[in-house]
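See below for coords.cif, which holds mmCIF, C-alpha atoms.
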```
data_target
loop_
_atom_site.group_PDB
_atom_site.id
_atom_site.type_symbol
_atom_site.label_atom_id
_atom_site.label_comp_id
_atom_site.auth_asym_id
_atom_site.auth_seq_id
_atom_site.Cartn_x
_atom_site.Cartn_y
_atom_site.Cartn_z
ATOM 1 C CA MET L 135 75.012 -33.082 -79.461
ATOM 2 C CA ARG L 136 78.018 -33.089 -81.809
ATOM 3 C CA GLY L 137 78.078 -32.340 -85.541
ATOM 4 C CA ILE L 138 76.633 -34.741 -88.087
ATOM 5 C CA LEU L 139 78.766 -37.850 -88.614
ATOM 6 C CA ASP L 140 79.004 -39.612 -91.948
ATOM 7 C CA ALA L 141 78.049 -42.889 -90.259
ATOM 8 C CA ILE L 142 77.361 -44.649 -86.989
ATOM 9 C CA VAL L 143 78.082 -48.362 -86.714
ATOM 10 C CA ILE L 144 76.158 -50.240 -84.048
ATOM 11 C CA GLY L 145 78.111 -53.263 -82.850
ATOM 12 C CA ALA L 146 81.846 -53.862 -82.352
ATOM 13 C CA GLY L 147 82.154 -57.444 -83.520
ATOM 14 C CA SER L 148 83.938 -58.516 -86.681
ATOM 15 C CA ALA L 149 81.317 -57.043 -89.046
ATOM 16 C CA GLY L 150 81.162 -53.677 -87.304
ATOM 17 C CA LEU L 151 84.944 -53.407 -87.084
ATOM 18 C CA GLY L 152 85.354 -54.349 -90.749
ATOM 19 C CA VAL L 153 82.899 -51.632 -91.760
ATOM 20 C CA SER L 154 84.713 -49.151 -89.513
ATOM 21 C CA TYR L 155 88.009 -50.017 -91.204
ATOM 22 C CA PHE L 156 86.574 -49.217 -94.655
ATOM 23 C CA LEU L 157 84.875 -46.032 -93.437
ATOM 24 C CA GLN L 158 88.168 -44.872 -91.971
ATOM 25 C CA GLN L 159 90.054 -45.747 -95.181
ATOM 26 C CA ARG L 160 87.637 -43.494 -97.058
ATOM 27 C CA GLY L 161 88.008 -40.633 -94.584
ATOM 28 C CA CYS L 162 84.449 -40.859 -93.289
ATOM 29 C CA THR L 163 83.695 -39.445 -89.865
ATOM 30 C CA HIS L 164 82.092 -42.201 -87.841
ATOM 31 C CA GLN L 165 81.783 -43.928 -84.505
ATOM 32 C CA VAL L 166 81.292 -47.561 -83.559
ATOM 33 C CA LEU L 167 78.966 -47.974 -80.587
ATOM 34 C CA GLU L 168 79.034 -51.174 -78.526
ATOM 35 C CA ARG L 169 76.764 -51.817 -75.533
ATOM 36 C CA GLY L 170 79.358 -54.086 -73.933
ATOM 37 C CA CYS L 171 82.998 -54.736 -74.762
ATOM 38 C CA ILE L 172 84.628 -55.263 -78.139
ATOM 39 C CA GLY L 173 83.459 -58.677 -79.367
ATOM 40 C CA GLU L 174 80.828 -58.871 -76.614
ATOM 41 C CA THR L 175 78.931 -61.929 -77.836
ATOM 42 C CA TRP L 176 82.221 -63.748 -78.471
ATOM 43 C CA ARG L 177 82.985 -63.178 -74.782
ATOM 44 C CA THR L 178 79.599 -63.945 -73.268
ATOM 45 C CA GLN L 179 77.750 -66.334 -75.590
ATOM 46 C CA ARG L 180 80.318 -69.007 -76.357
ATOM 47 C CA TRP L 181 81.170 -72.147 -74.442
ATOM 48 C CA ASP L 182 84.582 -72.764 -72.923
ATOM 49 C CA SER L 183 85.901 -75.084 -75.658
ATOM 50 C CA PHE L 184 84.457 -73.091 -78.593
ATOM 51 C CA ARG L 185 86.605 -72.768 -81.716
ATOM 52 C CA LEU L 186 85.824 -70.667 -84.771
ATOM 53 C CA ASN L 187 84.399 -72.557 -87.719
ATOM 54 C CA SER L 188 86.694 -70.843 -90.220
ATOM 55 C CA THR L 189 90.420 -71.364 -90.557
ATOM 56 C CA ASN L 190 92.900 -68.864 -89.157
ATOM 57 C CA LEU L 191 93.736 -67.827 -92.704
ATOM 58 C CA ARG L 192 90.094 -66.902 -93.381
ATOM 59 C CA THR L 193 89.451 -65.231 -90.020
ATOM 60 C CA MET L 194 91.389 -62.080 -90.829
ATOM 61 C CA LEU L 195 89.558 -58.772 -91.066
ATOM 62 C CA PRO L 196 90.101 -56.174 -93.843
ATOM 63 C CA GLY L 197 93.637 -54.803 -93.964
ATOM 64 C CA ASP L 198 95.146 -57.789 -92.128
ATOM 65 C CA SER L 199 96.786 -60.940 -93.424
ATOM 66 C CA TYR L 200 97.628 -64.100 -91.528
ATOM 67 C CA ASP L 201 101.286 -64.659 -90.729
ATOM 68 C CA GLY L 202 101.097 -67.247 -87.929
ATOM 69 C CA PRO L 203 102.267 -70.854 -87.772
ATOM 70 C CA ASP L 204 98.915 -72.601 -88.363
ATOM 71 C CA PRO L 205 96.957 -71.086 -91.271
ATOM 72 C CA TRP L 206 94.518 -74.021 -91.448
ATOM 73 C CA GLY L 207 93.900 -74.242 -87.696
ATOM 74 C CA ALA L 208 90.988 -72.707 -85.821
ATOM 75 C CA ILE L 209 91.384 -70.298 -82.917
ATOM 76 C CA THR L 210 89.327 -70.169 -79.730
ATOM 77 C CA HIS L 211 86.834 -67.414 -79.046
ATOM 78 C CA HIS L 212 89.222 -65.995 -76.419
ATOM 79 C CA GLU L 213 91.953 -65.699 -79.048
ATOM 80 C CA PHE L 214 89.478 -64.126 -81.466
ATOM 81 C CA VAL L 215 88.449 -61.489 -78.908
ATOM 82 C CA ALA L 216 92.125 -60.630 -78.382
ATOM 83 C CA TYR L 217 92.484 -60.358 -82.178
ATOM 84 C CA LEU L 218 89.489 -57.969 -82.385
ATOM 85 C CA GLU L 219 90.902 -55.776 -79.609
ATOM 86 C CA GLY L 220 94.289 -55.684 -81.339
ATOM 87 C CA TYR L 221 92.588 -54.813 -84.638
ATOM 88 C CA VAL L 222 90.908 -51.779 -83.064
ATOM 89 C CA ASP L 223 94.261 -50.648 -81.642
ATOM 90 C CA ARG L 224 96.239 -51.279 -84.863
ATOM 91 C CA TYR L 225 93.891 -49.249 -87.021
ATOM 92 C CA HIS L 226 92.883 -46.701 -84.364
ATOM 93 C CA LEU L 227 89.193 -47.376 -84.962
ATOM 94 C CA PRO L 228 86.743 -45.007 -83.198
ATOM 95 C CA VAL L 229 85.074 -47.619 -81.010
ATOM 96 C CA ARG L 230 83.144 -46.607 -77.915
ATOM 97 C CA THR L 231 82.325 -49.426 -75.526
ATOM 98 C CA ARG L 232 79.667 -49.571 -72.827
ATOM 99 C CA VAL L 233 77.424 -47.266 -74.878
ATOM 100 C CA ALA L 234 73.956 -48.739 -75.301
ATOM 101 C CA VAL L 235 71.825 -47.565 -78.207
ATOM 102 C CA GLU L 236 68.325 -46.954 -76.888
ATOM 103 C CA ARG L 237 66.593 -45.445 -79.890
ATOM 104 C CA LEU L 238 67.081 -44.859 -83.602
ATOM 105 C CA ASP L 239 65.012 -42.276 -85.463
ATOM 106 C CA SER L 240 65.087 -40.958 -89.017
ATOM 107 C CA GLU L 241 64.542 -37.266 -89.614
ATOM 108 C CA SER L 242 65.124 -35.018 -92.613
ATOM 109 C CA GLY L 243 67.620 -37.301 -94.360
ATOM 110 C CA THR L 244 69.661 -38.047 -91.237
ATOM 111 C CA TYR L 245 69.474 -40.525 -88.389
ATOM 112 C CA ARG L 246 69.312 -39.639 -84.721
ATOM 113 C CA VAL L 247 70.827 -42.240 -82.391
ATOM 114 C CA THR L 248 69.949 -41.884 -78.741
ATOM 115 C CA THR L 249 72.275 -43.734 -76.392
ATOM 116 C CA ASP L 250 72.303 -44.088 -72.645
ATOM 117 C CA CYS L 251 74.659 -41.080 -72.446
ATOM 118 C CA GLU L 252 74.068 -38.802 -75.463
ATOM 119 C CA THR L 253 72.405 -38.251 -78.823
ATOM 120 C CA LEU L 254 74.344 -38.533 -82.096
ATOM 121 C CA VAL L 255 73.303 -37.680 -85.663
ATOM 122 C CA ALA L 256 74.612 -39.333 -88.832
ATOM 123 C CA HIS L 257 73.879 -39.575 -92.538
ATOM 124 C CA SER L 258 74.104 -43.395 -92.476
ATOM 125 C CA ILE L 259 73.604 -46.192 -89.963
ATOM 126 C CA VAL L 260 75.115 -49.659 -90.071
ATOM 127 C CA ILE L 261 73.531 -52.181 -87.744
ATOM 128 C CA ALA L 262 76.158 -54.850 -87.155
ATOM 129 C CA THR L 263 74.739 -56.534 -84.077
ATOM 130 C CA GLY L 264 75.043 -60.082 -85.399
ATOM 131 C CA ASN L 265 72.663 -62.948 -84.870
ATOM 132 C CA GLN L 266 73.559 -63.961 -81.322
ATOM 133 C CA CYS L 267 71.444 -61.373 -79.521
ATOM 134 C CA ARG L 268 68.432 -63.549 -78.713
ATOM 135 C CA GLN L 269 67.697 -67.197 -78.195
ATOM 136 C CA VAL L 270 65.549 -68.703 -80.925
ATOM 137 C CA ARG L 271 63.435 -71.685 -79.973
ATOM 138 C CA PRO L 272 60.620 -73.484 -81.770
ATOM 139 C CA PRO L 273 57.079 -72.557 -80.722
ATOM 140 C CA TRP L 274 56.531 -75.882 -78.954
ATOM 141 C CA TRP L 275 59.512 -75.604 -76.585
ATOM 142 C CA SER L 276 57.325 -74.400 -73.693
ATOM 143 C CA ASP L 277 55.133 -77.514 -74.034
ATOM 144 C CA LEU L 278 57.963 -79.787 -72.916
ATOM 145 C CA PRO L 279 57.760 -81.049 -69.330
ATOM 146 C CA THR L 280 59.658 -78.867 -66.863
ATOM 147 C CA ILE L 281 61.754 -81.886 -65.881
ATOM 148 C CA PHE L 282 63.728 -81.215 -69.055
ATOM 149 C CA ARG L 283 66.267 -78.461 -68.555
ATOM 150 C CA GLN L 284 66.727 -76.508 -71.775
ATOM 151 C CA VAL L 285 69.994 -74.688 -72.365
ATOM 152 C CA ASP L 286 70.541 -72.522 -75.417
ATOM 153 C CA SER L 287 73.992 -72.661 -77.014
ATOM 154 C CA SER L 288 74.566 -69.025 -75.996
ATOM 155 C CA ALA L 289 74.145 -70.009 -72.312
ATOM 156 C CA TYR L 290 76.075 -73.313 -72.412
ATOM 157 C CA ARG L 291 79.622 -73.129 -71.018
ATOM 158 C CA ASN L 292 80.815 -76.676 -70.229
ATOM 159 C CA PRO L 293 79.595 -80.192 -69.317
ATOM 160 C CA ALA L 294 80.163 -79.644 -65.579
ATOM 161 C CA GLU L 295 77.186 -77.240 -65.513
ATOM 162 C CA LEU L 296 74.758 -79.957 -66.611
ATOM 163 C CA VAL L 297 73.076 -82.452 -64.304
ATOM 164 C CA GLU L 298 74.160 -86.046 -64.617
ATOM 165 C CA GLY L 299 72.201 -88.080 -67.123
ATOM 166 C CA ALA L 300 71.269 -88.138 -70.772
ATOM 167 C CA VAL L 301 71.624 -85.027 -72.912
ATOM 168 C CA LEU L 302 69.926 -84.332 -76.225
ATOM 169 C CA VAL L 303 71.678 -81.829 -78.465
ATOM 170 C CA VAL L 304 69.256 -80.345 -80.991
ATOM 171 C CA GLY L 305 70.923 -79.047 -84.127
ATOM 172 C CA SER L 306 73.820 -80.317 -86.182
ATOM 173 C CA GLY L 307 75.420 -77.041 -87.212
ATOM 174 C CA GLN L 308 78.643 -75.679 -85.750
ATOM 175 C CA SER L 309 77.165 -75.123 -82.286
ATOM 176 C CA GLY L 310 75.434 -78.480 -82.026
ATOM 177 C CA GLY L 311 78.440 -80.352 -83.388
ATOM 178 C CA GLN L 312 80.957 -78.675 -81.091
ATOM 179 C CA ILE L 313 78.754 -78.999 -78.004
ATOM 180 C CA ALA L 314 78.079 -82.686 -78.742
ATOM 181 C CA GLU L 315 81.831 -83.255 -79.109
ATOM 182 C CA ASP L 316 82.445 -81.398 -75.849
ATOM 183 C CA LEU L 317 79.917 -83.633 -74.067
ATOM 184 C CA VAL L 318 81.342 -86.858 -75.542
ATOM 185 C CA GLN L 319 84.857 -85.912 -74.501
ATOM 186 C CA ALA L 320 83.639 -85.217 -70.958
#
```
As structure tokens, what does this structure read like?
Amino acid sequence: MRGILDAIVIGAGSAGLGVSYFLQQRGCTHQVLERGCIGETWRTQRWDSFRLNSTNLRTMLPGDSYDGPDPWGAITHHEFVAYLEGYVDRYHLPVRTRVAVERLDSESGTYRVTTDCETLVAHSIVIATGNQCRQVRPPWWSDLPTIFRQVDSSAYRNPAELVEGAVLVVGSGQSGGQIAEDLVQA
């Protein structure tokens, strides 16, 4: 076990990296732990045609400013992942990938984080795992006949994966709207 860190950030998506940037600016010793790769859910839980809901101008993380040709456009999730990786490199953020947090305990004013490879201790913990970690379905979803194939937006990739026939998209937020558009265009 190493010395006590000022903070441990769990999750290397945009929130976790933004927090890391500010911790580093303040000279705080910290590590960002990510169970997968940088921007993991952006890589694995988005469909092929996904575009961010915010404009390029508003997608920038702390310390960065947009200087590209299309400030009001929207980038793909692949472009966003590349941006996150570049952000880590530009600011030399202490991100450790493929480190799964298995347990978090509080003891004597510090936190003990047990990972799949070591134990770390810190004064503060930031959990920046986002909201894409688990599918959320209404309680009655299991009552539907098994003839209906149910695909969560985190598992949907493209129209070619669906069987031929009618499709019902439930939800009219960003995911539902983009998936419906993807299906119509197919």
Matched chain/residue IDs from the PyMOL selection byres ((chain L and resi 283) around 12), as a ChimeraX atom specification: /L:275-276,278-282,284-286,290,295-303
Mind running region 200-289 of chain L against region 152-158 of chain L at 8 Å and telling me each contacting residue's nearest atom pair with the distance in Å (one decimal), counting only C-alpha atoms, chain and number ascending, as a Markdown table?
```
| residue | atom | partner | partner_atom | distance |
| --- | --- | --- | --- | --- |
| L:Tyr225 | CA | L:Tyr155 | CA | 7.3 |
| L:Leu227 | CA | L:Ser154 | CA | 6.6 |
| L:Pro228 | CA | L:Ser154 | CA | 7.8 |
```
Just write the chosen residues, C-alpha atoms, as a short mmCIF file (atom, residue, chain, number, x, y, z; two decimals), in the coordinates of the input.
```
data_model
loop_
_atom_site.label_atom_id
_atom_site.label_comp_id
_atom_site.auth_asym_id
_atom_site.auth_seq_id
_atom_site.Cartn_x
_atom_site.Cartn_y
_atom_site.Cartn_z
CA TYR L 225 93.89 -49.25 -87.02
CA LEU L 227 89.19 -47.38 -84.96
CA PRO L 228 86.74 -45.01 -83.20
#
```
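The coordinates place CA of Arg237 (chain L) at 9.3 Å from CA of Thr253 (chain L).
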Output of the PyMOL selection byres ((chain L and resi 198) around 12), listed as a PyMOL selection string: chain L and resi 152+155+190-197+199-202+217-218+220-222+224-225
Pick from L:Leu139, L:Leu186, L:Val233, L:Ala149 nearest to Arg169 (chain L), counting only C-alpha atoms: L:Val233
Answer key for the PyMOL selection byres ((chain L and resi 239) around 12), residues as a list of chain:residue names: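 With the PyMOL selection byres ((chain L and resi 239) around 12) on this model, the match is L:Val235, L:Glu236, L:Arg237, L:Leu238, L:Ser240, L:Glu241, L:Ser242, L:Gly243, L:Thr244, L:Tyr245, L:Arg246, L:Val247, L:Thr248, L:Thr249, L:Thr253, L:Leu254, L:Val255, L:Ala256, L:His257, L:Ser258, L:Ile259.
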Nearest candidate to Gly305 (chain L) (options L:Ala320, L:Cys251, L:Pro272, L:Ser148; using only C-alpha atoms): L:Pro272
Distance of CA of Ala262 (chain L) from CA of Gly150 (chain L), expressed in Å to one decimal place: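 Interatomic distance here is 5.1 Å.
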Gap from CA of Trp176 (chain L) to CA of Thr231 (chain L) - Å, one decimal: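 Value for the CA of Trp176 (chain L)-CA of Thr231 (chain L) distance: 14.6 Å.
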Distance criterion (all atoms listed in the file): nearest to Arg230 (chain L) out of L:Ile261, L:Val215, L:Val270, L:Val143: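 Ranked by minimum distance to Arg230 (chain L), first place goes to L:Val143.
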Of the listed residues L:Ala208, L:Ala289, L:Ile142, L:Ile172, that which approaches Ser188 (chain L) most closely, counting all atoms listed in the file: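 Among the listed residues, L:Ala208 lies closest to Ser188 (chain L).
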Excluding Ser287 (chain L) and its own-chain neighbours fewer than 3 positions away, which residues fall within 12 Å of it when counting all atoms listed in the file? Please give them as a tab-separated table (two decimals) with C-alpha atoms, in the frame of the given file.
```tsv
chain	number	residue	atom	x	y	z
L	175	THR	CA	78.93	-61.93	-77.84
L	178	THR	CA	79.60	-63.94	-73.27
L	179	GLN	CA	77.75	-66.33	-75.59
L	180	ARG	CA	80.32	-69.01	-76.36
L	181	TRP	CA	81.17	-72.15	-74.44
L	182	ASP	CA	84.58	-72.76	-72.92
L	184	PHE	CA	84.46	-73.09	-78.59
L	266	GLN	CA	73.56	-63.96	-81.32
L	267	CYS	CA	71.44	-61.37	-79.52
L	268	ARG	CA	68.43	-63.55	-78.71
L	269	GLN	CA	67.70	-67.20	-78.19
L	270	VAL	CA	65.55	-68.70	-80.92
L	271	ARG	CA	63.44	-71.68	-79.97
L	284	GLN	CA	66.73	-76.51	-71.78
L	290	TYR	CA	76.08	-73.31	-72.41
L	291	ARG	CA	79.62	-73.13	-71.02
L	292	ASN	CA	80.82	-76.68	-70.23
L	303	VAL	CA	71.68	-81.83	-78.46
L	304	VAL	CA	69.26	-80.34	-80.99
L	305	GLY	CA	70.92	-79.05	-84.13
L	306	SER	CA	73.82	-80.32	-86.18
L	307	GLY	CA	75.42	-77.04	-87.21
L	308	GLN	CA	78.64	-75.68	-85.75
L	309	SER	CA	77.17	-75.12	-82.29
L	310	GLY	CA	75.43	-78.48	-82.03
L	311	GLY	CA	78.44	-80.35	-83.39
L	312	GLN	CA	80.96	-78.68	-81.09
L	313	ILE	CA	78.75	-79.00	-78.00
L	314	ALA	CA	78.08	-82.69	-78.74
```
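For the residues L:Arg185, L:His226, L:Arg232, L:Gly264, ranking by smallest atom-to-atom distance to Thr210 (chain L) using all atoms listed in the file places L:Arg185 first.
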Using the partial input, fill out region 185-201 of chain L with N, CA, C and O atoms; write the result as a compact mmCIF listing (two decimals), in the frame of the given file.
```txt
# COMPACT_ATOMS: atom_id res chain seq x y z
N ARG L 185 85.62 -73.17 -80.71
CA ARG L 185 86.60 -72.77 -81.72
C ARG L 185 85.85 -72.22 -82.92
O ARG L 185 84.76 -72.68 -83.25
N LEU L 186 86.45 -71.23 -83.58
CA LEU L 186 85.82 -70.67 -84.77
C LEU L 186 85.68 -71.74 -85.84
O LEU L 186 86.49 -72.67 -85.91
N ASN L 187 84.68 -71.59 -86.67
CA ASN L 187 84.40 -72.56 -87.72
C ASN L 187 85.28 -72.33 -88.95
O ASN L 187 85.45 -73.21 -89.76
N SER L 188 85.84 -71.15 -89.08
CA SER L 188 86.69 -70.84 -90.22
C SER L 188 88.16 -70.99 -89.82
O SER L 188 88.51 -70.90 -88.65
N THR L 189 88.99 -71.20 -90.82
CA THR L 189 90.42 -71.36 -90.56
C THR L 189 91.04 -70.02 -90.18
O THR L 189 90.50 -68.96 -90.48
N ASN L 190 92.19 -70.09 -89.54
CA ASN L 190 92.90 -68.86 -89.16
C ASN L 190 93.14 -67.96 -90.37
O ASN L 190 93.01 -66.74 -90.27
N LEU L 191 93.47 -68.56 -91.48
CA LEU L 191 93.74 -67.83 -92.70
C LEU L 191 92.52 -67.02 -93.15
O LEU L 191 92.65 -65.91 -93.68
N ARG L 192 91.33 -67.54 -92.92
CA ARG L 192 90.09 -66.90 -93.38
C ARG L 192 89.39 -66.08 -92.28
O ARG L 192 88.32 -65.55 -92.50
N THR L 193 90.03 -65.97 -91.13
CA THR L 193 89.45 -65.23 -90.02
C THR L 193 89.88 -63.78 -90.00
O THR L 193 89.34 -62.97 -89.29
N MET L 194 90.83 -63.43 -90.82
CA MET L 194 91.39 -62.08 -90.83
C MET L 194 90.37 -61.05 -91.31
O MET L 194 89.58 -61.31 -92.20
N LEU L 195 90.42 -59.89 -90.69
CA LEU L 195 89.56 -58.77 -91.07
C LEU L 195 90.26 -57.92 -92.13
O LEU L 195 91.46 -58.07 -92.36
N PRO L 196 89.52 -57.01 -92.78
CA PRO L 196 90.10 -56.17 -93.84
C PRO L 196 91.37 -55.47 -93.38
O PRO L 196 91.45 -54.97 -92.26
N GLY L 197 92.37 -55.46 -94.25
CA GLY L 197 93.64 -54.80 -93.96
C GLY L 197 94.68 -55.71 -93.35
O GLY L 197 95.86 -55.41 -93.34
N ASP L 198 94.24 -56.85 -92.78
CA ASP L 198 95.15 -57.79 -92.13
C ASP L 198 95.39 -59.00 -93.02
O ASP L 198 94.58 -59.33 -93.88
N SER L 199 96.52 -59.66 -92.78
CA SER L 199 96.79 -60.94 -93.42
C SER L 199 97.39 -61.86 -92.38
O SER L 199 98.04 -61.40 -91.43
N TYR L 200 97.16 -63.13 -92.53
CA TYR L 200 97.63 -64.10 -91.53
C TYR L 200 99.11 -64.39 -91.73
O TYR L 200 99.56 -64.66 -92.84
N ASP L 201 99.87 -64.35 -90.64
CA ASP L 201 101.29 -64.66 -90.73
C ASP L 201 101.73 -65.61 -89.60
O ASP L 201 102.90 -65.68 -89.27
```
